$ cat input.csv   # CSV, C-alpha atoms and all ligand atoms
chain,number,residue,atom,x,y,z
A,1,MET,CA,-59.8,24.4,7.2
A,2,SER,CA,-60.9,22.7,10.4
A,3,ASP,CA,-64.0,20.5,10.7
A,4,PHE,CA,-66.0,23.5,12.1
A,5,PRO,CA,-68.7,24.6,11.8
A,6,MET,CA,-71.0,21.7,10.8
A,7,ASP,CA,-74.8,21.6,10.6
A,8,TYR,CA,-76.9,24.2,12.3
A,9,ILE,CA,-80.1,23.6,14.2
A,10,SER,CA,-82.2,25.7,16.3
A,11,GLU,CA,-83.2,23.7,19.4
A,12,ASP,CA,-83.9,25.7,22.5
A,13,LYS,CA,-84.3,22.8,24.9
A,14,ILE,CA,-80.9,21.4,24.3
A,15,LYS,CA,-78.4,22.3,27.0
A,16,PRO,CA,-74.9,23.2,26.1
A,17,HIS,CA,-72.4,20.5,26.7
A,18,ARG,CA,-69.7,21.3,29.2
A,19,LEU,CA,-66.5,19.7,27.9
A,20,MET,CA,-64.6,19.4,31.1
A,21,ARG,CA,-67.3,17.9,33.3
A,22,GLY,CA,-68.8,14.5,33.6
A,23,ALA,CA,-65.9,12.4,32.3
A,24,SER,CA,-66.8,9.5,30.1
A,25,SER,CA,-70.3,10.8,29.7
A,26,PHE,CA,-69.8,11.1,26.0
A,27,SER,CA,-67.9,9.5,23.2
A,28,LEU,CA,-65.5,11.1,20.9
A,29,ASP,CA,-66.9,12.9,17.9
A,30,GLU,CA,-70.2,13.2,19.7
A,31,LYS,CA,-72.2,16.2,18.6
A,32,MET,CA,-71.6,19.5,20.4
A,33,TYR,CA,-74.1,22.3,21.0
A,34,THR,CA,-73.2,25.9,21.2
A,35,THR,CA,-75.6,28.7,22.1
A,36,THR,CA,-74.9,31.9,20.3
A,37,GLU,CA,-75.4,35.4,21.6
A,38,GLU,CA,-78.7,35.5,19.7
A,39,GLY,CA,-79.9,32.5,21.6
A,40,LEU,CA,-79.5,30.2,18.7
A,41,THR,CA,-78.3,26.7,19.4
A,42,ILE,CA,-75.8,25.3,17.0
A,43,LYS,CA,-75.3,21.6,16.6
A,44,ARG,CA,-71.9,20.6,15.3
A,45,ASN,CA,-69.3,17.8,15.5
A,46,ARG,CA,-66.4,18.1,17.9
A,47,THR,CA,-63.3,19.7,16.4
A,48,SER,CA,-60.1,17.8,16.4
A,49,THR,CA,-58.8,20.1,19.1
A,50,GLU,CA,-61.8,19.2,21.2
A,51,ASN,CA,-61.3,15.6,20.6
A,52,GLU,CA,-57.7,15.8,21.8
A,53,VAL,CA,-58.8,17.5,25.0
A,54,ALA,CA,-61.7,15.1,25.4
A,55,LYS,CA,-59.5,12.1,25.1
A,56,ARG,CA,-57.6,13.3,28.1
A,57,GLU,CA,-60.6,14.3,30.1
A,58,LYS,CA,-60.3,11.5,32.6
A,59,THR,CA,-56.7,12.0,33.3
A,60,ALA,CA,-57.1,15.7,33.5
A,61,SER,CA,-59.9,15.6,36.0
A,62,ALA,CA,-57.9,13.1,38.1
A,63,PHE,CA,-55.0,15.5,38.0
A,64,VAL,CA,-57.1,18.5,38.9
A,65,SER,CA,-58.9,16.8,41.7
A,66,SER,CA,-55.6,15.5,43.1
A,67,LEU,CA,-53.8,18.8,43.1
A,68,ASN,CA,-54.9,19.7,46.6
A,69,SER,CA,-55.3,16.3,48.0
A,70,GLU,CA,-52.8,14.0,49.6
A,71,SER,CA,-53.0,11.5,46.8
A,72,PHE,CA,-51.6,14.0,44.3
A,73,ASP,CA,-50.2,11.9,41.5
A,74,VAL,CA,-47.6,14.0,39.7
A,75,GLY,CA,-46.6,10.9,37.8
A,76,LEU,CA,-49.5,11.5,35.5
A,77,TYR,CA,-47.7,14.4,34.0
A,78,ILE,CA,-44.0,13.4,33.8
A,79,PRO,CA,-42.8,14.4,30.3
A,80,SER,CA,-41.7,11.4,28.3
A,81,THR,CA,-39.2,13.3,26.2
A,82,LEU,CA,-36.2,11.7,27.9
A,83,GLU,CA,-37.6,8.2,28.1
A,84,GLY,CA,-35.3,5.6,26.6
A,85,SER,CA,-32.5,8.1,26.2
A,86,ILE,CA,-28.8,7.5,26.7
A,87,PHE,CA,-27.6,9.7,29.6
A,88,VAL,CA,-24.0,10.8,29.3
A,89,GLY,CA,-21.7,13.2,31.1
A,90,HIS,CA,-18.6,15.1,29.9
A,91,LEU,CA,-15.2,13.9,28.7
A,92,VAL,CA,-12.6,13.4,31.4
A,93,THR,CA,-15.5,12.1,33.3
A,94,ASP,CA,-16.0,12.7,37.0
A,95,MET,CA,-18.2,11.7,39.9
A,96,ASP,CA,-21.0,14.2,39.1
A,97,SER,CA,-21.1,13.1,35.4
A,98,ILE,CA,-21.3,9.4,36.3
A,99,ALA,CA,-23.7,9.6,39.3
A,100,GLY,CA,-25.9,12.1,37.4
A,101,SER,CA,-26.1,9.8,34.4
A,102,ILE,CA,-27.0,6.8,36.6
A,103,GLY,CA,-29.6,8.8,38.5
A,104,ALA,CA,-31.2,10.3,35.4
A,105,ALA,CA,-31.3,6.9,33.7
A,106,ASP,CA,-33.2,5.5,36.7
A,107,LEU,CA,-35.5,8.4,37.0
A,108,TYR,CA,-36.5,8.9,33.4
A,109,GLY,CA,-36.1,5.4,32.2
A,110,GLY,CA,-33.0,5.1,30.0
A,111,VAL,CA,-29.5,3.9,30.1
A,112,SER,CA,-26.4,5.6,31.6
A,113,ALA,CA,-23.1,5.9,29.8
A,114,ARG,CA,-19.6,7.1,30.5
A,115,ALA,CA,-17.8,9.5,28.2
A,116,SER,CA,-14.4,8.3,29.3
A,117,GLU,CA,-12.8,6.0,31.8
A,118,VAL,CA,-13.8,6.6,35.4
A,119,ASN,CA,-11.4,8.2,37.9
A,120,SER,CA,-10.3,6.7,41.2
A,121,GLU,CA,-12.9,8.6,43.2
A,122,THR,CA,-15.7,7.4,41.0
A,123,LYS,CA,-14.4,3.9,41.2
A,124,PHE,CA,-14.3,4.0,45.0
A,125,CYS,CA,-17.9,5.3,45.1
A,126,LEU,CA,-19.2,2.7,42.6
A,127,GLU,CA,-17.7,0.0,44.8
A,128,TYR,CA,-18.8,1.6,48.0
A,129,TRP,CA,-22.5,1.7,46.8
A,130,GLY,CA,-22.4,-1.5,44.9
A,131,MET,CA,-23.2,0.0,41.6
A,132,ALA,CA,-22.1,-1.1,38.1
A,133,LYS,CA,-19.9,1.1,36.0
A,134,PRO,CA,-21.9,2.7,33.2
A,135,GLN,CA,-21.2,1.4,29.6
A,136,LYS,CA,-19.0,3.2,27.2
A,137,ILE,CA,-20.8,5.9,25.1
A,138,GLU,CA,-18.9,4.7,22.0
A,139,ASP,CA,-20.6,1.3,22.3
A,140,LEU,CA,-24.1,2.6,23.2
A,141,VAL,CA,-24.4,5.0,20.3
A,142,ILE,CA,-24.0,2.0,18.0
A,143,ASP,CA,-26.0,-0.5,20.0
A,144,ARG,CA,-28.9,1.8,20.3
A,145,PRO,CA,-29.1,3.8,17.1
A,146,GLU,CA,-32.6,5.0,17.7
A,147,ALA,CA,-32.1,6.3,21.2
A,148,GLY,CA,-31.9,10.0,21.9
A,149,ILE,CA,-29.0,11.3,23.9
A,150,CYS,CA,-29.4,13.5,27.0
A,151,LEU,CA,-26.3,15.3,28.0
A,152,VAL,CA,-25.7,15.6,31.8
A,153,ASP,CA,-23.2,17.9,33.6
A,154,HIS,CA,-22.2,19.7,30.3
A,155,GLN,CA,-23.4,21.4,27.2
A,156,GLN,CA,-20.2,22.8,25.7
A,157,MET,CA,-18.9,21.3,22.4
A,158,SER,CA,-15.4,21.1,23.9
A,159,GLN,CA,-16.6,18.6,26.5
A,160,LEU,CA,-18.8,16.5,24.3
A,161,ASN,CA,-17.5,13.0,23.4
A,162,PRO,CA,-16.8,13.2,19.7
A,163,CYS,CA,-18.8,10.0,19.0
A,164,ILE,CA,-22.0,11.9,19.8
A,165,ASP,CA,-23.9,13.2,16.9
A,166,VAL,CA,-25.4,16.5,17.9
A,167,GLU,CA,-28.5,15.7,15.9
A,168,ARG,CA,-29.3,13.0,18.4
A,169,ILE,CA,-29.3,15.2,21.5
A,170,VAL,CA,-32.8,15.4,23.0
A,171,GLY,CA,-31.9,17.0,26.3
A,172,VAL,CA,-29.5,18.8,28.6
A,173,ILE,CA,-29.4,18.6,32.4
A,174,ASP,CA,-26.6,20.7,33.7
A,175,HIS,CA,-25.3,23.3,36.2
A,176,HIS,CA,-22.7,25.1,34.1
A,177,ALA,CA,-22.7,28.5,32.4
A,178,LEU,CA,-23.9,28.7,28.8
A,179,GLN,CA,-20.6,29.9,27.3
A,180,ASN,CA,-19.9,30.5,23.7
A,181,ALA,CA,-19.4,26.9,22.6
A,182,THR,CA,-22.8,25.7,23.8
A,183,ILE,CA,-24.2,23.0,21.6
A,184,VAL,CA,-26.5,24.2,18.8
A,185,THR,CA,-29.5,22.1,17.8
A,186,ASP,CA,-31.9,22.3,14.9
A,187,ARG,CA,-34.9,21.3,17.0
A,188,PRO,CA,-36.0,22.3,20.5
A,189,ILE,CA,-34.7,20.0,23.2
A,190,TYR,CA,-35.5,19.4,26.9
A,191,ILE,CA,-33.4,21.7,29.0
A,192,ASP,CA,-33.0,21.7,32.8
A,193,ILE,CA,-30.2,24.0,33.9
A,194,ARG,CA,-30.0,25.3,37.4
A,195,PRO,CA,-27.2,27.3,39.2
A,196,TRP,CA,-26.6,24.7,41.8
A,197,GLY,CA,-23.4,23.1,43.1
A,198,SER,CA,-23.8,19.8,41.3
A,199,MET,CA,-25.8,18.3,38.5
A,200,SER,CA,-26.6,15.4,40.8
A,201,THR,CA,-28.4,17.9,43.1
A,202,ILE,CA,-30.8,18.6,40.2
A,203,ILE,CA,-31.4,14.9,39.7
A,204,ALA,CA,-32.0,14.3,43.4
A,205,HIS,CA,-34.5,17.2,43.5
A,206,ASN,CA,-36.3,15.9,40.4
A,207,PHE,CA,-36.7,12.5,42.1
A,208,PHE,CA,-38.3,14.1,45.1
A,209,THR,CA,-40.5,16.6,43.2
A,210,LEU,CA,-41.8,13.5,41.3
A,211,LYS,CA,-42.4,11.8,44.6
A,212,LYS,CA,-39.9,9.0,43.8
A,213,VAL,CA,-37.3,7.6,46.1
A,214,PRO,CA,-34.0,6.7,44.5
A,215,ARG,CA,-32.8,3.2,45.3
A,216,ARG,CA,-30.1,3.1,47.9
A,217,GLY,CA,-27.1,2.8,45.5
A,218,VAL,CA,-28.4,5.6,43.3
A,219,ALA,CA,-29.0,7.8,46.3
A,220,GLY,CA,-25.5,7.1,47.6
A,221,MET,CA,-23.9,7.9,44.2
A,222,LEU,CA,-25.9,11.2,44.0
A,223,MET,CA,-24.9,12.2,47.5
A,224,CYS,CA,-21.2,11.5,46.9
A,225,ALA,CA,-21.3,13.4,43.6
A,226,ILE,CA,-22.7,16.5,45.4
A,227,LEU,CA,-20.0,16.1,48.1
A,228,SER,CA,-17.4,15.9,45.3
A,229,ASP,CA,-18.5,18.9,43.2
A,230,THR,CA,-19.1,21.1,46.2
A,231,LEU,CA,-15.9,20.0,48.1
A,232,ASN,CA,-17.8,18.5,51.0
A,233,LEU,CA,-20.4,21.4,50.9
A,234,GLN,CA,-17.6,23.8,51.7
A,235,GLY,CA,-16.7,25.1,48.2
A,236,PRO,CA,-18.0,28.5,46.9
A,237,THR,CA,-20.4,26.9,44.4
A,238,THR,CA,-22.4,25.2,47.3
A,239,THR,CA,-26.0,26.3,47.5
A,240,ASP,CA,-28.7,25.6,50.0
A,241,TRP,CA,-30.2,23.1,47.6
A,242,ASP,CA,-27.0,21.0,47.6
A,243,LYS,CA,-27.0,20.9,51.4
A,244,ALA,CA,-30.7,20.1,51.5
A,245,MET,CA,-30.3,17.2,49.0
A,246,VAL,CA,-27.3,15.8,50.9
A,247,ALA,CA,-29.4,15.9,54.1
A,248,VAL,CA,-32.2,13.9,52.5
A,249,LEU,CA,-29.9,11.5,50.7
A,250,ALA,CA,-28.0,10.8,53.9
A,251,GLN,CA,-31.3,9.7,55.5
A,252,ILE,CA,-32.2,7.5,52.5
A,253,THR,CA,-28.8,5.8,52.6
A,254,ASP,CA,-28.5,5.7,56.4
A,255,THR,CA,-25.2,7.6,56.2
A,256,VAL,CA,-24.3,8.7,59.7
A,257,ASP,CA,-20.8,10.2,59.2
A,258,ILE,CA,-20.9,12.2,56.0
A,259,ASN,CA,-17.4,13.8,56.7
A,260,LEU,CA,-15.9,10.4,57.0
A,261,LEU,CA,-17.3,9.3,53.7
A,262,ALA,CA,-16.2,12.5,52.1
A,263,SER,CA,-12.7,12.1,53.4
A,264,LYS,CA,-12.6,8.5,52.1
A,265,GLN,CA,-13.6,9.5,48.6
A,266,PHE,CA,-11.3,12.5,48.6
A,267,LYS,CA,-8.4,10.2,49.6
A,268,ALA,CA,-9.3,7.8,46.9
A,269,LYS,CA,-9.3,10.7,44.4
A,270,SER,CA,-5.8,11.9,45.6
A,271,GLN,CA,-4.3,8.4,45.7
A,272,GLU,CA,-4.6,8.1,42.0
A,273,LEU,CA,-2.6,11.2,41.4
A,274,ALA,CA,0.6,9.7,42.9
A,275,GLY,CA,0.9,7.2,40.1
A,276,LEU,CA,0.2,9.6,37.3
A,277,THR,CA,2.8,11.2,35.0
A,278,SER,CA,3.0,15.0,34.8
A,279,ILE,CA,1.3,15.0,31.4
A,280,GLN,CA,-1.6,12.9,32.8
A,281,LEU,CA,-1.9,15.3,35.7
A,282,VAL,CA,-2.0,18.3,33.3
A,283,THR,CA,-4.6,16.7,31.0
A,284,GLY,CA,-6.7,14.8,33.6
A,285,ASP,CA,-9.2,17.6,34.4
A,286,GLN,CA,-8.6,20.2,31.8
A,287,LYS,CA,-11.3,22.4,30.2
A,288,SER,CA,-10.8,24.9,27.5
A,289,PHE,CA,-12.5,28.3,27.0
A,290,SER,CA,-12.5,30.3,23.9
A,291,PHE,CA,-12.4,34.1,23.8
A,292,LYS,CA,-12.8,36.7,21.1
A,293,THR,CA,-12.5,40.3,21.8
A,294,GLU,CA,-11.0,43.3,20.0
A,295,HIS,CA,-7.7,42.8,21.7
A,296,PHE,CA,-7.5,39.1,22.4
A,297,SER,CA,-8.8,36.0,20.6
A,298,GLY,CA,-7.8,32.6,21.5
A,299,ILE,CA,-8.4,29.5,23.5
A,300,ILE,CA,-7.3,29.2,27.1
A,301,GLY,CA,-7.0,25.8,28.7
A,302,PHE,CA,-7.5,25.5,32.5
A,303,ALA,CA,-6.5,22.3,34.3
A,304,VAL,CA,-7.3,21.6,37.9
A,305,ILE,CA,-5.8,19.0,40.3
A,306,GLU,CA,-8.0,18.5,43.3
A,307,THR,CA,-6.1,16.8,46.1
A,308,THR,CA,-5.9,16.3,49.8
A,309,ASP,CA,-2.1,16.6,49.5
A,310,ASP,CA,-1.0,19.5,47.4
A,311,GLU,CA,2.5,19.6,48.7
A,312,VAL,CA,3.3,16.3,46.9
A,313,ILE,CA,2.0,17.8,43.6
A,314,LEU,CA,3.7,21.1,44.0
A,315,ALA,CA,7.0,19.4,44.6
A,316,ARG,CA,6.7,18.2,41.0
A,317,LYS,CA,6.5,21.8,39.7
A,318,THR,CA,9.3,21.6,37.3
A,319,GLU,CA,8.1,18.7,35.3
A,320,LEU,CA,4.5,20.0,35.5
A,321,LEU,CA,5.5,23.3,33.9
A,322,GLU,CA,7.3,21.4,31.2
A,323,SER,CA,4.2,19.3,30.5
A,324,LEU,CA,2.0,22.4,30.5
A,325,LYS,CA,4.2,23.9,27.8
A,326,GLU,CA,4.2,20.7,25.8
A,327,ASN,CA,0.4,20.1,26.1
A,328,LYS,CA,-0.4,23.7,25.2
A,329,LYS,CA,1.6,23.3,22.0
A,330,SER,CA,0.2,20.0,21.0
A,331,LYS,CA,-3.4,21.2,21.6
A,332,ASN,CA,-2.8,24.5,19.9
A,333,LEU,CA,-3.9,26.4,22.9
A,334,ASP,CA,-3.0,30.1,23.4
A,335,GLY,CA,-2.6,29.6,27.2
A,336,LEU,CA,-2.8,26.8,29.7
A,337,PHE,CA,-3.1,27.1,33.4
A,338,LEU,CA,-2.9,24.5,36.1
A,339,ALA,CA,-4.5,25.1,39.5
A,340,VAL,CA,-3.5,22.8,42.3
A,341,VAL,CA,-6.4,22.8,44.8
A,342,ASN,CA,-6.1,21.5,48.3
A,343,ILE,CA,-9.7,20.3,48.8
A,344,VAL,CA,-9.4,19.9,52.6
A,345,ASP,CA,-7.8,23.3,53.4
A,346,LEU,CA,-9.6,24.9,50.5
A,347,HIS,CA,-6.6,26.7,49.2
A,348,SER,CA,-5.0,26.9,45.7
A,349,ASN,CA,-1.8,27.6,43.8
A,350,LEU,CA,-1.7,28.4,40.1
A,351,LEU,CA,1.1,27.2,37.9
A,352,MET,CA,1.9,29.5,34.9
A,353,CYS,CA,4.2,28.0,32.2
A,354,ASP,CA,4.7,31.0,30.0
A,355,ASP,CA,4.6,34.8,29.8
A,356,LEU,CA,1.0,34.9,28.5
A,357,GLU,CA,-0.2,33.0,31.5
A,358,LYS,CA,1.7,35.2,33.9
A,359,SER,CA,0.5,38.3,32.3
A,360,LEU,CA,-3.1,37.2,32.2
A,361,ALA,CA,-3.1,35.7,35.8
A,362,PHE,CA,-1.4,38.7,37.3
A,363,SER,CA,-4.0,41.1,35.9
A,364,ALA,CA,-7.0,38.8,36.5
A,365,PHE,CA,-6.1,37.8,40.1
A,366,LYS,CA,-5.2,41.1,41.7
A,367,GLY,CA,-6.9,43.4,44.2
A,368,ASP,CA,-8.9,42.8,47.3
A,369,GLY,CA,-10.3,39.4,48.0
A,370,TYR,CA,-8.1,37.7,45.3
A,371,SER,CA,-4.7,36.4,45.5
A,372,HIS,CA,-1.8,37.1,47.7
A,373,PRO,CA,1.0,38.3,45.5
A,374,SER,CA,3.3,35.4,44.7
A,375,THR,CA,6.2,33.9,46.5
A,376,ALA,CA,9.7,34.4,45.0
A,377,ASP,CA,8.8,32.0,42.3
A,378,PRO,CA,7.2,33.8,39.3
A,379,SER,CA,5.7,30.6,37.9
A,380,VAL,CA,3.5,30.0,40.9
A,381,LEU,CA,0.7,32.2,42.1
A,382,ASP,CA,-0.8,31.7,45.5
A,383,LEU,CA,-4.6,32.0,44.8
A,384,GLY,CA,-5.5,31.9,48.5
A,385,ALA,CA,-9.0,30.6,49.2
A,386,LEU,CA,-10.0,30.5,45.5
A,387,VAL,CA,-10.8,26.9,44.7
A,388,SER,CA,-13.5,26.6,42.0
A,389,ARG,CA,-12.7,26.8,38.3
A,390,LYS,CA,-16.3,27.6,37.5
A,391,LYS,CA,-16.8,30.3,40.2
A,392,ASP,CA,-13.3,31.5,41.2
A,393,PHE,CA,-10.9,31.0,38.3
A,394,ILE,CA,-12.7,31.4,35.0
A,395,PRO,CA,-14.8,34.5,35.8
A,396,PRO,CA,-11.8,36.8,36.7
A,397,ILE,CA,-10.0,35.6,33.6
A,398,THR,CA,-13.1,36.2,31.4
A,399,LYS,CA,-13.6,39.6,32.9
A,400,CYS,CA,-9.9,40.5,32.4
A,401,ILE,CA,-10.1,39.6,28.7
A,402,LYS,CA,-13.4,41.4,28.2
A,403,ASP,CA,-12.0,44.5,29.9
A,404,GLY,CA,-9.4,44.7,27.2
A,405,PHE,CA,-6.5,42.3,28.1
A,406,ALA,CA,-4.0,42.2,25.3
A,407,PHE,CA,-0.8,40.2,25.1
A,408,CYS,CA,2.3,41.3,23.3
A,409,SER,CA,4.9,38.6,23.1
A,410,ALA,CA,8.4,39.7,24.1
A,411,GLU,CA,9.8,38.0,21.0
B,501,MN,MN,-20.8,18.8,37.9
$ encode --input "input.csv" --output "structure tokens" --more "lines below"
Ligand SMILES: [Mn+2]
Amino acid sequence: MSDFPMDYISEDKIKPHRLMRGASSFSLDEKMYTTTEEGLTIKRNRTSTENEVAKREKTASAFVSSLNSESFDVGLYIPSTLEGSIFVGHLVTDMDSIAGSIGAADLYGGVSARASEVNSETKFCLEYWGMAKPQKIEDLVIDRPEAGICLVDHQQMSQLNPCIDVERIVGVIDHHALQNATIVTDRPIYIDIRPWGSMSTIIAHNFFTLKKVPRRGVAGMLMCAILSDTLNLQGPTTTDWDKAMVAVLAQITDTVDINLLASKQFKAKSQELAGLTSIQLVTGDQKSFSFKTEHFSGIIGFAVIETTDDEVILARKTELLESLKENKKSKNLDGLFLAVVNIVDLHSNLLMCDDLEKSLAFSAFKGDGYSHPSTADPSVLDLGALVSRKKDFIPPITKCIKDGFAFCSAE
């Protein structure tokens, strides 16, 4: 039982002690006086609960009195759960994962990591803002065995770097749907998931709500990541918060021409593609989604190539289709799509390597507002203005499967 009640005395003249007033007017464990309904005054020791509250009385009253004042110090109540953590994004890492991990490490006090080698867009942005490339997660998990791990920009097992022990995960900061392969933890963890266009938007917003200004390089990286994930604020996943944070970060970084910067980074992203083999193109930005319904259960891979020059990519259709087939087989996937997205015109074409893909895509992407029926080529589907895997591609496929899609092989 608790350390309550203690000794009783009847002492009319003693005034009840108000716990939350008069900071530092008492010491811990000082006797407390409680007046009962019968007018009896009880003298007792503080309980351990009261001691815990009393210990924090000074900070609490500073907090309360600052709530409505200009000197409001929110720093008093920043949770320390993430302090000292390793912040890491998803496999086949991208700008948002890298910028988000750098920003979060700066904000919460920790170290940023990369889950795989950075792409050419990220490399361009790191150089542009004079920032160092984050360390490899494989090294950090060994160098810092005690550190917790905070996932940024993902929470699906399929996107987790295999060197990460799920037991070590202490937090998730993300902007993706909680699908059926979400990480499962034994203990509660810190979660910050918002339906915004980029994970870096959440980090920028957290900087500002905590009244902190990110240093210029961090602000620049966050801004470029938002531009990357939202396709220069033009993609369908863009929210007002993404626009607002870009506006603020542009001021902090003195960026006058955001369009110019966006076109430079998109060009850097596209340049890399020319030197890649078809198998590298197919595996570069690929995510898998598992489904289980009465009629269909399996894993569907969905690869995306975002480029400023889709014609060049589509000209390699034949070898890309071959690589899709090959990769599907080696990864044991039931289906594998490749969407070639023109990130300037905001227009896509879908490559379908087998009958399952065709059957699924033709039933998923039909009707008003979706695709134009294809050209003469049955392995390419013009997806019109659909550009986002998260918002445009996966939801119709998911719906189609949930609505009873079944595939019967012709063989
Ligand atoms: Mn992202």
$ closest_residue --input "input.csv" --among "A:Asp94, A:Glu127, A:Glu319, A:Asp186" --to "ligand MN 501 (chain B)" --atoms "only C-alpha atoms and all ligand atoms"
A:Asp94
$ residues_near_ligand --input "input.csv" --ligand "ligand MN 501 (chain B)" --cutoff "9 Å" --atoms "only C-alpha atoms and all ligand atoms" --output "list of chain:residue names"
A:Gly89, A:Asp94, A:Met95, A:Asp96, A:Ser97, A:Gly100, A:Val152, A:Asp153, A:His154, A:Asp174, A:His175, A:His176, A:Gly197, A:Ser198, A:Met199, A:Ser200, A:Ala225, A:Ile226, A:Ser228, A:Asp229, A:Thr230
$ closest_residue --input "input.csv" --among "A:Phe124, A:Ala60, A:Glu311, A:Leu107" --to "A:Lys212" --atoms "only C-alpha atoms"
A:Leu107
$ closest_residue --input "input.csv" --among "A:Gln135, A:Thr49, A:Ala62, A:Ala104" --to "A:Asp192" --atoms "all atoms listed in the file"
A:Ala104
$ closest_residue --input "input.csv" --among "A:Ala181, A:Val340, A:Ile252, A:Leu324" --to "A:Ala204" --atoms "all atoms listed in the file"
A:Ile252
$ residues_around --input "input.csv" --residues "A:Glu121" --least-positions-apart "4" --cutoff "12 Å" --atoms "only C-alpha atoms" --output "CSV table (one decimal) with C-alpha atoms, in the coordinates of the input"
chain,number,residue,atom,x,y,z
A,93,THR,CA,-15.5,12.1,33.3
A,94,ASP,CA,-16.0,12.7,37.0
A,95,MET,CA,-18.2,11.7,39.9
A,96,ASP,CA,-21.0,14.2,39.1
A,98,ILE,CA,-21.3,9.4,36.3
A,99,ALA,CA,-23.7,9.6,39.3
A,117,GLU,CA,-12.8,6.0,31.8
A,125,CYS,CA,-17.9,5.3,45.1
A,126,LEU,CA,-19.2,2.7,42.6
A,127,GLU,CA,-17.7,0.0,44.8
A,128,TYR,CA,-18.8,1.6,48.0
A,221,MET,CA,-23.9,7.9,44.2
A,224,CYS,CA,-21.2,11.5,46.9
A,225,ALA,CA,-21.3,13.4,43.6
A,227,LEU,CA,-20.0,16.1,48.1
A,228,SER,CA,-17.4,15.9,45.3
A,229,ASP,CA,-18.5,18.9,43.2
A,261,LEU,CA,-17.3,9.3,53.7
A,262,ALA,CA,-16.2,12.5,52.1
A,263,SER,CA,-12.7,12.1,53.4
A,264,LYS,CA,-12.6,8.5,52.1
A,265,GLN,CA,-13.6,9.5,48.6
A,266,PHE,CA,-11.3,12.5,48.6
A,267,LYS,CA,-8.4,10.2,49.6
A,268,ALA,CA,-9.3,7.8,46.9
A,269,LYS,CA,-9.3,10.7,44.4
A,270,SER,CA,-5.8,11.9,45.6
A,271,GLN,CA,-4.3,8.4,45.7
A,272,GLU,CA,-4.6,8.1,42.0
A,273,LEU,CA,-2.6,11.2,41.4
A,306,GLU,CA,-8.0,18.5,43.3
A,307,THR,CA,-6.1,16.8,46.1
$ closest_atom_pairs --input "input.csv" --of "stretch 184-302 of chain A" --to "stretch 147-151 of chain A" --cutoff "10 Å" --atoms "only C-alpha atoms" --output "CSV"
residue,atom,partner,partner_atom,distance
A:Ile189,CA,A:Cys150,CA,9.2
A:Tyr190,CA,A:Cys150,CA,8.5
A:Ile191,CA,A:Cys150,CA,9.3
$ closest_residue --input "input.csv" --among "A:Leu40, A:Val218, A:Ile343, A:Ile169" --to "A:Gln234" --atoms "all atoms listed in the file"
A:Ile343
$ residues_around --input "input.csv" --residues "stretch 281-289 of chain A" --least-positions-apart "2" --cutoff "8 Å" --atoms "only C-alpha atoms" --output "number ranges by chain"
A: 92, 158-159, 273, 276-279, 291, 299-305, 320, 323-324, 327, 338
$ closest_residue --input "input.csv" --among "A:Val141, A:Ala274, A:Trp129, A:Phe87" --to "A:Thr255" --atoms "all atoms listed in the file"
A:Trp129
$ atom_distance --input "input.csv" --atom1 "atom CA of A:Thr253" --atom2 "atom CA of A:Ala219"
6.6 Å
$ residues_near_point --input "input.csv" --point "(-22.1, 21.6, 26.8)" --cutoff "6 Å" --atoms "only C-alpha atoms" --output "PyMOL selection string"
chain A and resi 154-157+182-183
$ atom_distance --input "input.csv" --atom1 "atom CA of A:Ile173" --atom2 "atom CA of A:Ile202"
7.9 Å
$ atom_distance --input "input.csv" --atom1 "atom CA of A:Ile78" --atom2 "atom CA of A:Arg46"
27.9 Å
$ build_atoms --input "input.csv" --residues "stretch 391-399 of chain A" --atoms "N, CA and C atoms" --output "short mmCIF file (atom, residue, chain, number, x, y, z; two decimals), in the coordinates of the input"
data_model
loop_
_atom_site.label_atom_id
_atom_site.label_comp_id
_atom_site.auth_asym_id
_atom_site.auth_seq_id
_atom_site.Cartn_x
_atom_site.Cartn_y
_atom_site.Cartn_z
N LYS A 391 -16.37 29.06 39.49
CA LYS A 391 -16.80 30.30 40.20
C LYS A 391 -15.60 31.21 40.49
N ASP A 392 -14.42 30.66 40.73
CA ASP A 392 -13.30 31.50 41.20
C ASP A 392 -12.25 31.79 40.10
N PHE A 393 -12.00 30.80 39.21
CA PHE A 393 -10.90 31.00 38.30
C PHE A 393 -11.29 31.58 36.96
N ILE A 394 -12.29 30.99 36.33
CA ILE A 394 -12.70 31.40 35.00
C ILE A 394 -13.30 32.84 34.96
N PRO A 395 -14.21 33.16 35.89
CA PRO A 395 -14.80 34.50 35.80
C PRO A 395 -13.82 35.67 35.84
N PRO A 396 -12.80 35.69 36.74
CA PRO A 396 -11.80 36.80 36.70
C PRO A 396 -11.05 36.85 35.38
N ILE A 397 -10.72 35.66 34.85
CA ILE A 397 -10.00 35.60 33.60
C ILE A 397 -10.85 36.15 32.46
N THR A 398 -12.11 35.72 32.46
CA THR A 398 -13.10 36.20 31.40
C THR A 398 -13.22 37.71 31.52
N LYS A 399 -13.36 38.20 32.74
CA LYS A 399 -13.60 39.60 32.90
C LYS A 399 -12.33 40.41 32.46
#
